[in-house]
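Trainee: Contents are CSV, C-alpha atoms; file name data-v1.csv:
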chain,number,residue,atom,x,y,z
A,1,MET,CA,-252.9,-61.9,80.7
A,2,LEU,CA,-254.0,-65.5,81.3
A,3,ASP,CA,-252.3,-66.7,78.1
A,4,VAL,CA,-249.0,-65.0,79.0
A,5,ALA,CA,-249.1,-66.5,82.5
A,6,LEU,CA,-249.7,-69.9,81.1
A,7,VAL,CA,-246.7,-69.7,78.8
A,8,SER,CA,-244.5,-68.6,81.7
A,9,LEU,CA,-245.6,-71.8,83.5
A,10,ILE,CA,-244.6,-74.1,80.6
A,11,LYS,CA,-241.0,-74.4,81.9
A,12,ASN,CA,-242.3,-75.1,85.4
A,13,MET,CA,-244.8,-77.6,84.1
A,14,SER,CA,-242.2,-79.4,81.9
A,15,GLU,CA,-239.9,-79.7,84.9
A,16,LYS,CA,-242.6,-81.1,87.2
A,17,ALA,CA,-244.5,-83.3,84.8
A,18,GLY,CA,-241.8,-83.8,82.2
A,19,ILE,CA,-242.1,-82.9,78.5
A,20,GLU,CA,-244.3,-86.0,77.9
A,21,GLY,CA,-246.5,-84.9,80.8
A,22,ALA,CA,-246.9,-81.4,79.3
A,23,ILE,CA,-248.0,-83.0,76.0
A,24,GLN,CA,-250.5,-85.1,77.8
A,25,TYR,CA,-251.9,-82.1,79.6
A,26,TRP,CA,-252.2,-80.1,76.4
A,27,SER,CA,-253.8,-83.0,74.5
A,28,ARG,CA,-256.4,-83.4,77.3
A,29,VAL,CA,-257.1,-79.7,77.2
A,30,GLY,CA,-257.8,-79.9,73.4
A,31,GLU,CA,-260.0,-82.9,73.9
A,32,ASN,CA,-262.0,-81.3,76.8
A,33,LEU,CA,-262.5,-78.1,74.8
A,34,ALA,CA,-263.9,-80.1,71.8
A,35,LYS,CA,-266.2,-82.1,74.1
A,36,ARG,CA,-267.5,-78.9,75.9
A,37,ILE,CA,-268.3,-77.1,72.7
A,38,GLY,CA,-271.0,-79.6,71.6
A,39,GLU,CA,-272.3,-81.1,68.4
A,40,GLU,CA,-273.2,-79.5,65.0
A,41,ALA,CA,-274.9,-80.8,61.9
A,42,TYR,CA,-274.9,-79.2,58.4
A,43,MET,CA,-277.0,-80.1,55.4
A,44,GLY,CA,-274.1,-79.9,53.0
A,45,TRP,CA,-270.7,-78.4,52.4
A,46,PRO,CA,-272.1,-75.0,51.3
A,47,SER,CA,-274.0,-74.6,54.6
A,48,PHE,CA,-270.9,-75.7,56.5
A,49,ASN,CA,-268.6,-73.2,54.6
A,50,VAL,CA,-271.1,-70.4,55.2
A,51,ALA,CA,-271.3,-71.2,58.9
A,52,LEU,CA,-267.5,-71.2,59.0
A,53,LYS,CA,-267.3,-67.8,57.2
A,54,GLU,CA,-269.8,-66.4,59.7
A,55,GLY,CA,-267.9,-67.7,62.7
A,56,ARG,CA,-270.6,-70.1,63.8
A,57,THR,CA,-268.7,-73.4,63.8
A,58,ALA,CA,-266.6,-74.8,66.6
A,59,TYR,CA,-263.5,-74.3,64.4
A,60,SER,CA,-264.2,-70.5,64.6
A,61,ILE,CA,-262.7,-70.4,68.1
A,62,GLU,CA,-259.3,-70.4,66.4
A,63,GLY,CA,-260.1,-67.0,64.7
A,64,ASP,CA,-260.9,-66.2,61.1
A,65,VAL,CA,-260.8,-69.5,59.1
A,66,VAL,CA,-260.7,-69.2,55.3
A,67,ALA,CA,-262.4,-71.9,53.3
A,68,LEU,CA,-260.2,-72.5,50.2
A,69,THR,CA,-263.2,-73.5,48.1
A,70,ASP,CA,-260.9,-73.9,45.0
A,71,LEU,CA,-259.2,-76.8,46.8
A,72,ALA,CA,-261.9,-79.4,47.1
A,73,ILE,CA,-261.0,-82.9,48.3
A,74,THR,CA,-262.6,-85.5,46.1
A,75,ASP,CA,-263.2,-89.2,46.4
A,76,VAL,CA,-262.6,-91.9,43.8
A,77,ASP,CA,-265.8,-91.0,42.0
A,78,GLY,CA,-264.9,-87.3,41.8
A,79,ASP,CA,-267.5,-86.3,44.4
A,80,VAL,CA,-266.5,-83.5,46.8
A,81,VAL,CA,-265.9,-85.0,50.3
A,82,GLY,CA,-264.2,-82.1,51.9
A,83,TYR,CA,-262.2,-78.8,51.5
A,84,ILE,CA,-258.9,-77.3,52.6
A,85,TYR,CA,-259.1,-74.5,55.2
A,86,ALA,CA,-256.6,-72.0,56.4
A,87,LEU,CA,-255.9,-69.7,59.3
A,88,GLU,CA,-254.2,-66.4,58.3
A,89,THR,CA,-253.0,-65.9,61.8
A,90,CYS,CA,-251.8,-68.6,64.2
A,91,VAL,CA,-253.9,-68.6,67.4
A,92,PHE,CA,-250.7,-68.2,69.3
A,93,THR,CA,-249.5,-65.0,67.6
A,94,PRO,CA,-251.2,-62.4,69.8
A,95,THR,CA,-249.9,-64.3,72.9
A,96,ILE,CA,-246.3,-64.2,71.5
A,97,GLU,CA,-246.7,-60.5,70.9
A,98,ARG,CA,-247.8,-60.0,74.4
A,99,ILE,CA,-244.9,-62.1,75.7
A,100,ARG,CA,-242.4,-60.1,73.8
A,101,TYR,CA,-243.8,-56.9,75.2
A,102,SER,CA,-244.2,-57.9,78.8
A,103,VAL,CA,-241.8,-60.8,79.5
A,104,GLY,CA,-239.2,-60.6,76.7
A,105,GLU,CA,-238.6,-64.1,75.5
A,106,ILE,CA,-240.5,-67.4,74.9
A,107,PRO,CA,-239.4,-70.1,77.3
A,108,GLU,CA,-237.2,-72.8,75.8
A,109,ALA,CA,-239.7,-75.4,76.9
A,110,ASP,CA,-242.0,-74.2,74.2
A,111,ARG,CA,-239.7,-75.6,71.5
A,112,ALA,CA,-238.9,-78.7,73.6
A,113,VAL,CA,-242.6,-79.6,73.9
A,114,ALA,CA,-243.0,-79.1,70.1
A,115,GLU,CA,-240.0,-81.3,69.3
A,116,GLU,CA,-241.1,-84.1,71.6
A,117,TYR,CA,-244.5,-84.0,70.0
A,118,ASN,CA,-243.0,-84.2,66.5
A,119,ASN,CA,-240.9,-87.2,67.6
A,120,THR,CA,-243.5,-89.1,69.5
A,121,VAL,CA,-247.0,-88.2,68.2
A,122,GLN,CA,-246.9,-86.6,64.7
A,123,ASN,CA,-244.4,-84.3,63.0
A,124,THR,CA,-246.7,-81.3,62.7
A,125,ALA,CA,-245.9,-79.0,65.6
A,126,VAL,CA,-244.1,-75.7,65.3
A,127,CYS,CA,-244.7,-74.6,68.9
A,128,ASN,CA,-246.2,-76.1,72.0
A,129,PHE,CA,-249.6,-74.7,71.4
A,130,CYS,CA,-249.9,-76.8,68.2
A,131,VAL,CA,-250.4,-79.7,70.5
A,132,ILE,CA,-253.6,-78.3,71.9
A,133,HIS,CA,-255.2,-77.0,68.8
A,134,GLN,CA,-254.4,-79.9,66.5
A,135,LYS,CA,-255.9,-82.2,69.1
A,136,PHE,CA,-258.9,-79.9,69.4
A,137,ARG,CA,-259.6,-79.9,65.6
A,138,SER,CA,-259.2,-83.7,65.3
A,139,GLU,CA,-261.6,-84.2,68.3
A,140,VAL,CA,-264.2,-81.6,67.3
A,141,SER,CA,-264.5,-83.1,63.9
A,142,LYS,CA,-266.1,-86.1,65.5
A,143,ASN,CA,-268.9,-84.0,66.8
A,144,ILE,CA,-269.8,-82.4,63.5
A,145,THR,CA,-271.7,-83.9,60.6
A,146,VAL,CA,-272.1,-82.8,57.0
A,147,GLU,CA,-274.9,-84.6,55.1
A,148,ASN,CA,-275.1,-86.9,58.2
A,149,GLN,CA,-271.5,-88.0,57.7
A,150,PRO,CA,-269.1,-87.4,60.6
A,151,LEU,CA,-266.0,-85.5,59.8
A,152,GLU,CA,-262.3,-85.9,60.0
A,153,CYS,CA,-259.7,-83.2,60.3
A,154,VAL,CA,-256.1,-83.6,58.9
A,155,GLN,CA,-253.3,-81.3,59.6
A,156,LEU,CA,-251.5,-80.4,56.4
A,157,ALA,CA,-249.1,-77.5,56.9
A,158,ASN,CA,-248.1,-74.8,59.3
A,159,ARG,CA,-245.7,-72.0,59.8
A,160,GLY,CA,-244.3,-70.9,63.2
A,161,PHE,CA,-243.5,-67.5,64.5
A,162,ARG,CA,-239.8,-68.2,63.9
A,163,GLY,CA,-240.5,-68.9,60.2
A,164,ASP,CA,-240.1,-72.7,60.5
A,165,THR,CA,-242.6,-74.8,58.6
A,166,LYS,CA,-244.1,-78.3,58.8
A,167,ILE,CA,-245.7,-80.0,55.9
A,168,ALA,CA,-247.5,-83.3,56.4
A,169,ILE,CA,-246.5,-85.0,53.1
A,170,GLN,CA,-248.3,-88.3,53.9
A,171,SER,CA,-251.6,-86.6,54.6
A,172,LEU,CA,-251.3,-84.5,51.5
A,173,GLU,CA,-250.6,-87.6,49.4
A,174,ARG,CA,-253.6,-89.2,51.0
A,175,ILE,CA,-256.0,-86.4,49.9
A,176,GLY,CA,-254.2,-86.0,46.5
A,177,ILE,CA,-252.9,-82.5,47.0
A,178,ASN,CA,-249.4,-81.4,45.7
A,179,PRO,CA,-247.2,-80.5,48.7
A,180,GLU,CA,-245.6,-77.7,46.7
A,181,TYR,CA,-249.0,-76.1,46.3
A,182,VAL,CA,-249.6,-76.2,50.0
A,183,ARG,CA,-246.1,-74.8,50.6
A,184,SER,CA,-247.1,-71.8,48.6
A,185,LEU,CA,-250.2,-71.4,50.7
A,186,LEU,CA,-247.9,-70.8,53.7
A,187,ARG,CA,-246.8,-67.5,52.2
A,188,ASN,CA,-250.2,-66.1,53.1
A,189,TYR,CA,-251.5,-68.5,55.8
A,190,ALA,CA,-250.1,-69.7,59.1
A,191,CYS,CA,-251.9,-73.0,59.3
A,192,VAL,CA,-253.5,-75.2,56.6
A,193,TYR,CA,-255.7,-78.2,57.3
A,194,GLY,CA,-258.3,-80.4,55.6
A,195,ILE,CA,-261.8,-81.2,56.7
A,196,LEU,CA,-263.3,-84.2,55.0
A,197,MET,CA,-266.0,-86.9,55.5
A,198,LYS,CA,-264.7,-89.7,57.7
A,199,GLY,CA,-264.4,-92.9,55.8
A,200,ALA,CA,-264.4,-91.3,52.3
A,201,ARG,CA,-262.8,-93.3,49.6
A,202,LEU,CA,-260.1,-90.9,48.6
A,203,ARG,CA,-258.2,-90.8,45.3
A,204,GLY,CA,-254.9,-90.3,47.1
A,205,LYS,CA,-252.3,-93.0,47.9
A,206,GLU,CA,-254.2,-94.4,50.9
A,207,GLU,CA,-257.8,-94.8,51.4
A,208,ALA,CA,-259.5,-93.3,54.4
A,209,GLU,CA,-260.5,-95.8,57.1
B,1,MET,CA,-248.7,-44.7,72.6
B,2,HIS,CA,-249.6,-47.1,75.4
B,3,GLU,CA,-253.3,-47.2,74.2
B,4,GLU,CA,-252.1,-48.1,70.6
B,5,ARG,CA,-249.9,-50.8,72.0
B,6,LEU,CA,-252.6,-52.2,74.2
B,7,GLU,CA,-255.0,-52.2,71.2
B,8,GLN,CA,-252.4,-54.0,69.1
B,9,LEU,CA,-251.6,-56.5,71.9
B,10,GLY,CA,-255.2,-56.9,72.9
B,11,LYS,CA,-256.1,-58.8,69.8
B,12,HIS,CA,-258.4,-61.7,70.5
B,13,ASN,CA,-257.1,-65.2,70.7
B,14,PRO,CA,-260.2,-66.9,72.2
B,15,PHE,CA,-258.7,-70.4,71.6
B,16,VAL,CA,-255.7,-69.8,73.9
B,17,ASP,CA,-257.9,-68.1,76.6
B,18,VAL,CA,-260.6,-70.8,76.6
B,19,ALA,CA,-258.0,-73.6,76.5
B,20,ALA,CA,-256.3,-72.0,79.5
B,21,TYR,CA,-259.5,-72.0,81.5
B,22,LEU,CA,-260.1,-75.7,80.6
B,23,PHE,CA,-256.5,-76.5,81.6
B,24,LEU,CA,-257.2,-74.9,85.0
B,25,GLU,CA,-260.5,-76.8,85.3
B,26,ASP,CA,-258.6,-80.0,84.6
B,27,ILE,CA,-256.2,-79.2,87.5
B,28,GLY,CA,-259.3,-78.5,89.7
B,29,ASP,CA,-260.9,-81.8,88.8
B,30,LYS,CA,-257.7,-83.7,89.7
B,31,GLN,CA,-256.4,-81.8,92.7
B,32,GLY,CA,-259.5,-80.0,94.1
B,33,ALA,CA,-259.8,-76.3,95.1
B,34,ALA,CA,-256.6,-76.4,97.2
B,35,GLY,CA,-254.4,-77.9,94.4
B,36,MET,CA,-255.9,-75.5,91.8
B,37,ASN,CA,-255.3,-72.6,94.1
B,38,ASN,CA,-251.6,-73.6,94.4
B,39,TYR,CA,-251.4,-73.8,90.7
B,40,LEU,CA,-253.0,-70.4,90.1
B,41,MET,CA,-250.7,-68.8,92.6
B,42,SER,CA,-247.7,-70.6,91.1
B,43,LEU,CA,-248.7,-69.5,87.6
B,44,ALA,CA,-248.9,-65.8,88.7
B,45,ASN,CA,-245.7,-65.9,90.7
B,46,SER,CA,-243.9,-67.5,87.7
B,47,LEU,CA,-245.1,-64.8,85.4
B,48,ALA,CA,-244.0,-62.0,87.8
B,49,LYS,CA,-240.6,-63.6,88.2
B,50,SER,CA,-240.1,-63.8,84.5
B,51,MET,CA,-240.5,-60.1,84.2
B,52,PRO,CA,-237.6,-57.6,84.8
B,53,LYS,CA,-237.1,-55.8,88.1
B,54,GLU,CA,-237.7,-52.1,88.3
B,55,GLU,CA,-236.2,-49.1,90.3
B,56,TYR,CA,-237.5,-45.6,90.4
B,57,SER,CA,-236.0,-42.6,92.1
B,58,SER,CA,-239.3,-41.1,93.2
B,59,TRP,CA,-243.0,-42.1,93.7
B,60,ASP,CA,-243.9,-39.6,91.0
B,61,ASP,CA,-241.6,-41.3,88.5
B,62,PHE,CA,-243.2,-44.7,89.5
B,63,LEU,CA,-246.8,-43.3,89.1
B,64,ASN,CA,-245.9,-41.9,85.7
B,65,SER,CA,-244.6,-45.3,84.5
B,66,LEU,CA,-247.5,-47.1,86.1
B,67,GLN,CA,-250.1,-44.9,84.3
B,68,LYS,CA,-248.3,-45.3,81.0
B,69,GLY,CA,-248.4,-49.1,81.3
B,70,GLU,CA,-244.6,-49.2,81.3
B,71,SER,CA,-244.3,-50.8,84.8
B,72,ILE,CA,-244.6,-54.6,85.0
B,73,ILE,CA,-247.5,-54.2,87.4
B,74,SER,CA,-249.7,-52.4,84.9
B,75,ALA,CA,-248.4,-54.2,81.7
B,76,PHE,CA,-251.7,-56.2,81.3
B,77,GLU,CA,-254.3,-53.6,82.2
B,78,THR,CA,-255.4,-50.0,81.6
B,79,ILE,CA,-255.3,-48.2,84.9
B,80,LYS,CA,-255.8,-44.7,86.3
B,81,CYS,CA,-254.7,-43.3,89.7
B,82,PRO,CA,-257.2,-41.0,91.3
B,83,THR,CA,-254.7,-40.4,94.2
B,84,ASP,CA,-251.0,-41.2,94.7
B,85,ASN,CA,-251.8,-44.6,96.2
B,86,CYS,CA,-255.1,-45.6,94.8
B,87,VAL,CA,-255.1,-47.6,91.5
B,88,VAL,CA,-258.3,-48.2,89.5
B,89,THR,CA,-258.5,-50.9,86.7
B,90,GLN,CA,-261.0,-49.8,84.2
B,91,THR,CA,-261.6,-53.2,82.5
B,92,CYS,CA,-260.5,-56.5,84.0
B,93,PRO,CA,-257.9,-58.0,81.6
B,94,PHE,CA,-259.7,-61.4,81.9
B,95,THR,CA,-263.0,-60.0,80.5
B,96,SER,CA,-262.5,-61.0,76.9
B,97,GLY,CA,-261.4,-64.6,77.9
B,98,TRP,CA,-264.5,-64.9,80.1
B,99,GLN,CA,-266.7,-63.6,77.4
B,100,GLU,CA,-265.3,-66.1,74.9
B,101,TYR,CA,-265.7,-68.9,77.3
B,102,THR,CA,-269.4,-68.1,78.1
B,103,LYS,CA,-270.1,-67.6,74.4
B,104,ARG,CA,-268.5,-70.8,73.1
B,105,VAL,CA,-268.5,-73.3,76.0
B,106,GLY,CA,-271.3,-72.1,78.3
B,107,GLU,CA,-271.6,-71.2,82.0
B,108,PHE,CA,-268.3,-70.6,83.8
B,109,ALA,CA,-267.6,-73.8,85.7
B,110,GLY,CA,-268.3,-73.7,89.5
B,111,ILE,CA,-264.7,-74.6,90.4
B,112,HIS,CA,-263.6,-71.1,89.5
B,113,LYS,CA,-265.7,-69.7,92.3
B,114,GLU,CA,-264.9,-72.6,94.7
B,115,VAL,CA,-261.2,-72.0,94.4
B,116,ALA,CA,-261.8,-68.3,95.2
B,117,GLU,CA,-263.6,-69.2,98.4
B,118,PHE,CA,-260.6,-71.4,99.3
B,119,TYR,CA,-258.2,-68.5,98.5
B,120,ASN,CA,-260.3,-66.0,100.5
B,121,ALA,CA,-260.4,-68.4,103.5
B,122,THR,CA,-256.7,-69.4,103.5
B,123,ILE,CA,-254.7,-66.7,101.8
B,124,LYS,CA,-256.4,-63.3,101.7
B,125,PRO,CA,-260.0,-62.3,101.3
B,126,GLY,CA,-260.3,-60.4,97.9
B,127,ALA,CA,-261.0,-62.9,95.1
B,128,VAL,CA,-264.3,-63.4,93.3
B,129,ASP,CA,-263.1,-66.2,91.1
B,130,SER,CA,-259.9,-68.0,89.8
B,131,GLN,CA,-259.1,-65.0,87.6
B,132,CYS,CA,-258.8,-62.7,90.7
B,133,ILE,CA,-256.4,-65.2,92.3
B,134,ILE,CA,-254.0,-65.0,89.3
B,135,HIS,CA,-254.3,-61.2,89.0
B,136,GLN,CA,-254.0,-60.4,92.7
B,137,THR,CA,-251.1,-62.8,93.3
B,138,PHE,CA,-249.4,-61.4,90.2
B,139,ARG,CA,-249.8,-57.8,91.5
B,140,ARG,CA,-248.4,-58.8,94.9
B,141,ALA,CA,-245.4,-60.6,93.3
B,142,ALA,CA,-244.8,-57.9,90.7
B,143,ALA,CA,-244.9,-55.2,93.4
B,144,GLU,CA,-242.1,-57.0,95.3
B,145,ARG,CA,-239.9,-56.6,92.2
B,146,ILE,CA,-240.3,-52.8,92.2
B,147,LYS,CA,-238.3,-50.4,94.4
B,148,VAL,CA,-239.1,-46.7,94.7
B,149,ALA,CA,-236.4,-44.5,96.3
B,150,GLY,CA,-234.8,-47.7,97.7
B,151,ARG,CA,-238.0,-48.9,99.3
B,152,ARG,CA,-240.1,-51.9,98.2
B,153,VAL,CA,-243.6,-51.3,96.9
B,154,ARG,CA,-246.5,-53.1,98.7
B,155,TYR,CA,-249.9,-54.0,97.2
B,156,ALA,CA,-253.3,-54.4,98.8
B,157,GLN,CA,-256.7,-55.3,97.3
B,158,ILE,CA,-259.8,-53.2,98.0
B,159,GLU,CA,-262.6,-54.4,95.7
B,160,ALA,CA,-263.1,-56.3,92.5
B,161,VAL,CA,-266.1,-57.0,90.3
B,162,THR,CA,-266.1,-59.8,87.6
B,163,PRO,CA,-267.7,-59.6,84.2
B,164,ASN,CA,-270.8,-61.4,85.5
B,165,ALA,CA,-271.2,-58.7,88.1
B,166,ASP,CA,-270.1,-60.7,91.2
B,167,ASN,CA,-268.0,-58.5,93.5
B,168,LYS,CA,-265.8,-58.9,96.5
B,169,ARG,CA,-264.9,-56.0,98.9
B,170,ALA,CA,-262.2,-56.1,101.5
B,171,PRO,CA,-263.5,-57.2,105.0
B,172,GLU,CA,-265.4,-54.5,106.9
B,173,GLU,CA,-262.6,-54.3,109.6
B,174,TRP,CA,-259.9,-53.8,107.0
B,175,LEU,CA,-261.7,-51.3,104.9
B,176,PRO,CA,-261.2,-48.0,106.9
B,177,ILE,CA,-257.4,-48.7,106.9
B,178,LEU,CA,-257.2,-49.5,103.2
B,179,LEU,CA,-259.4,-46.5,102.3
B,180,GLU,CA,-257.2,-44.2,104.3
B,181,LYS,CA,-254.1,-45.5,102.6
B,182,ALA,CA,-255.9,-45.1,99.2
B,183,GLY,CA,-256.9,-41.5,100.1
B,184,ILE,CA,-260.5,-42.0,99.1
B,185,THR,CA,-263.8,-42.3,101.1
B,186,GLU,CA,-266.2,-45.3,101.0
B,187,THR,CA,-268.6,-43.1,99.0
B,188,GLU,CA,-265.9,-42.4,96.4
B,189,LEU,CA,-265.1,-46.2,96.3
B,190,ASN,CA,-268.8,-46.9,95.5
B,191,MET,CA,-268.8,-44.2,92.8
B,192,THR,CA,-265.6,-45.6,91.3
B,193,MET,CA,-266.9,-49.2,91.2
B,194,ARG,CA,-269.9,-48.1,89.1
B,195,ASN,CA,-267.9,-48.0,85.9
B,196,ASN,CA,-264.6,-49.7,86.8
B,197,ASP,CA,-263.6,-53.3,87.6
B,198,CYS,CA,-261.1,-53.2,90.3
B,199,VAL,CA,-259.7,-50.8,93.0
B,200,TRP,CA,-256.4,-51.5,94.7
B,201,ILE,CA,-253.6,-49.7,96.4
B,202,LEU,CA,-249.8,-49.4,96.1
B,203,TYR,CA,-247.7,-47.8,98.8
B,204,PRO,CA,-244.0,-47.8,99.9
B,205,GLU,CA,-242.9,-50.3,102.5
Would you put the structure from the file into structure tokens?
Mentor:
Amino acid sequence: MLDVALVSLIKNMSEKAGIEGAIQYWSRVGENLAKRIGEEAYMGWPSFNVALKEGRTAYSIEGDVVALTDLAITDVDGDVVGYIYALETCVFTPTIERIRYSVGEIPEADRAVAEEYNNTVQNTAVCNFCVIHQKFRSEVSKNITVENQPLECVQLANRGFRGDTKIAIQSLERIGINPEYVRSLLRNYACVYGILMKGARLRGKEEAE
Amino acid sequence: MHEERLEQLGKHNPFVDVAAYLFLEDIGDKQGAAGMNNYLMSLANSLAKSMPKEEYSSWDDFLNSLQKGESIISAFETIKCPTDNCVVTQTCPFTSGWQEYTKRVGEFAGIHKEVAEFYNATIKPGAVDSQCIIHQTFRRAAAERIKVAGRRVRYAQIEAVTPNADNKRAPEEWLPILLEKAGITETELNMTMRNNDCVWILYPE
């Protein structure tokens, strides 16, 4: 009920605080959530991936995350510095189903917030809730270490409930993954992202910081 | 059919629920209990207003729709009606969100109870925490959108218990009147609250 109520408020919030204000609100929520969940440390990628499978990591709040262990991210030396992960179901889907049943339609402000985010922050949102959980993932990565290395999360691709997709070409080039391959992943997954060691020397076009 | 629908719609999305609680806490940090209370009530009123109005030719038709979950007022919860005017919520629809919050974030932030104290003192005494404010405001606003035999439906709260077992009963001086309208005794209320989360009434204006 709370999620449906919150969605019905988006129009109201956008009118009062403006679309930019709504984006700031959502970003702060994602940031606060990441801070409140706390820190984690893993000995290596196998232990991180097992924790993820068992729903013990902060990322698990988004539902069942699948570690695509056939899609390792490697550095210039060929060492594994991360993996690609995917959500079968968007965290927003149950809310949308409840809205359709109880209210009838998604407020127009949902799309307006996503479009503004795409134009002003990064072109990766398919609905307004992408703002919260993409911010959440990027912040929570800073609180997690694998082999004592802090992590970084990069948004790669997602599919909205209307069927529209977003593919972050630059991020894919950076980690050296073919965008067409990720596009095919969207047939089965709603959201695809990479988790990698921050500062890794990637073999993609750009090096990490 | 309704049970199947609720099961299908009741799928967990802890992220959205927990994020919503933190969003409300953010409002509380910036605007205090009074500002948060306004926000919670505005949220519930917006939700009710976004749902379609209803008309029923008789109270029996309304009760039938209510118990099947077809009425807007029971769209988010599974209820039963021990009498024509008494409504019992078996499980608070906020339970799963609260459980996810306490599992993943920790103890429920104090502002959720502080805002309920503000609501009880300034609006109507009946809320245990922020969730009750949303729920009770929604029920009141939803009831106003329903007409039975041309008369508006009114709502009143009798007792609620939250997932962490805190409860709030209507004030002593109001209780006999509310129980009479509900058609139950205080003993029956106590018995009902043993394994249900909320008791409230609906009656024609």
Trainee: Using only C-alpha atoms, determine which residues lie at most 10 Å from Ile73 in chain A, disregarding the query and same-chain residues fewer than 6 positions distant; provide the list as a list in words.
Mentor: Asp79, Val80, Val81, Gly82, Tyr83, Ile84, Ile175, Gly176, Ile177, Gly194, Ile195, Leu196, Met197, Ala200, Leu202, Arg203 and Gly204 of chain A
Trainee: Near chain B, meaning an atom within 8 Å, which residues of chain A appear when counting all atoms listed in the file? Write them as JSON, numbers by chain.
Mentor: {"A": [1, 2, 3, 4, 5, 6, 8, 9, 25, 26, 29, 30, 32, 33, 36, 37, 58, 61, 62, 63, 91, 92, 94, 95, 97, 98, 102, 103, 104, 132, 133]}
Trainee: Which polymer residues have any atom within 7 Å of an atom of range 108-117 of chain B, counting only C-alpha atoms, with same-chain residues fewer than 5 positions away left out, as a compact mmCIF listing (two decimals) with C-alpha atoms, keeping the file's coordinate frame?
Mentor:
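Saved to result_11.txt:
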# COMPACT_ATOMS: atom_id res chain seq x y z
CA GLU B 25 -260.50 -76.80 85.30
CA GLY B 28 -259.30 -78.50 89.70
CA ALA B 33 -259.80 -76.30 95.10
CA ALA B 34 -256.60 -76.40 97.20
CA MET B 36 -255.90 -75.50 91.80
CA ASN B 37 -255.30 -72.60 94.10
CA THR B 102 -269.40 -68.10 78.10
CA ALA B 127 -261.00 -62.90 95.10
CA VAL B 128 -264.30 -63.40 93.30
CA ASP B 129 -263.10 -66.20 91.10
CA SER B 130 -259.90 -68.00 89.80
CA ILE B 133 -256.40 -65.20 92.30
Trainee: For Ala160 in chain B, which residue among B:Val148, B:Leu175, B:Arg140, B:Gly126 is the nearest when counting only C-alpha atoms?
Mentor: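 Closest candidate: B:Gly126.
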Trainee: For the point (-245.6, -66.3, 56.5) in the file's frame, write as a list in words all residues with an atom no more than 12 Å away, counting all atoms listed in the file.
Mentor: Leu87, Glu88, Thr89, Cys90, Thr93, Ala157, Asn158, Arg159, Gly160, Phe161, Arg162, Gly163, Asp164, Thr165, Arg183, Ser184, Leu185, Leu186, Arg187, Asn188, Tyr189, Ala190, Cys191 and Val192 of chain A
Trainee: Skip Asp61 in chain B itself and residues of its chain fewer than 2 positions away, then list as an MDAnalysis selection string all residues within 12 Å of it, counting only C-alpha atoms.
Mentor: chainID B and resid 54:59 63:68 70:71 84 147:149
Trainee: Quick one: distance from CA of Glu54 in chain A to CA of Val140 in chain A in Å, one decimal?
Mentor: 17.9 Å
Trainee: Between A:Thr124, A:Ser141, A:Ala112, A:Val131, single out the one closest to Ile167 in chain A, counting all atoms listed in the file.
Mentor: A:Thr124
Trainee: Name the residues in contact with range 39-49 of chain A at a cut-off of 7 Å, using only C-alpha atoms, excluding same-chain residues fewer than 6 positions from it; report them as a count of residues only.
Mentor: 6
Trainee: By how many Å are CA of Ile146 in chain B and CA of Lys124 in chain B apart?
Mentor: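 Between CA of Ile146 in chain B and CA of Lys124 in chain B the gap works out to 21.4 Å.
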Trainee: What's around Leu179 in chain B at 10 Å? Count all atoms listed in the file, leave out sequence neighbours fewer than 5 positions away in its own chain, and write the answer as an MDAnalysis selection string.
Mentor: chainID B and resid 85:86 158 174 184:186 188:189 200:201
Trainee: Calculate how many Å separate CA of Leu151 in chain A from CA of Arg137 in chain A, rounding to one decimal.
Mentor: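 That distance, rounded to one decimal, is 10.3 Å.
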Trainee: Give me the box for range 21-36 of chain A as JSON, namely the centre and edge lengths in Å to one decimal of a box along x, y and z that holds every listed atom plus 8 Å on each side.
Mentor:
{"center_x": -257.0, "center_y": -81.6, "center_z": 76.3, "size_x": 37.0, "size_y": 23.0, "size_z": 25.0}
Trainee: When you count all atoms listed in the file, which of these residues is closest to Pro179 in chain A: A:Arg100, A:Lys198, A:Lys166, A:Lys142?
Mentor: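 Nearest candidate to Pro179 in chain A out of A:Arg100, A:Lys198, A:Lys166, A:Lys142: A:Lys166.
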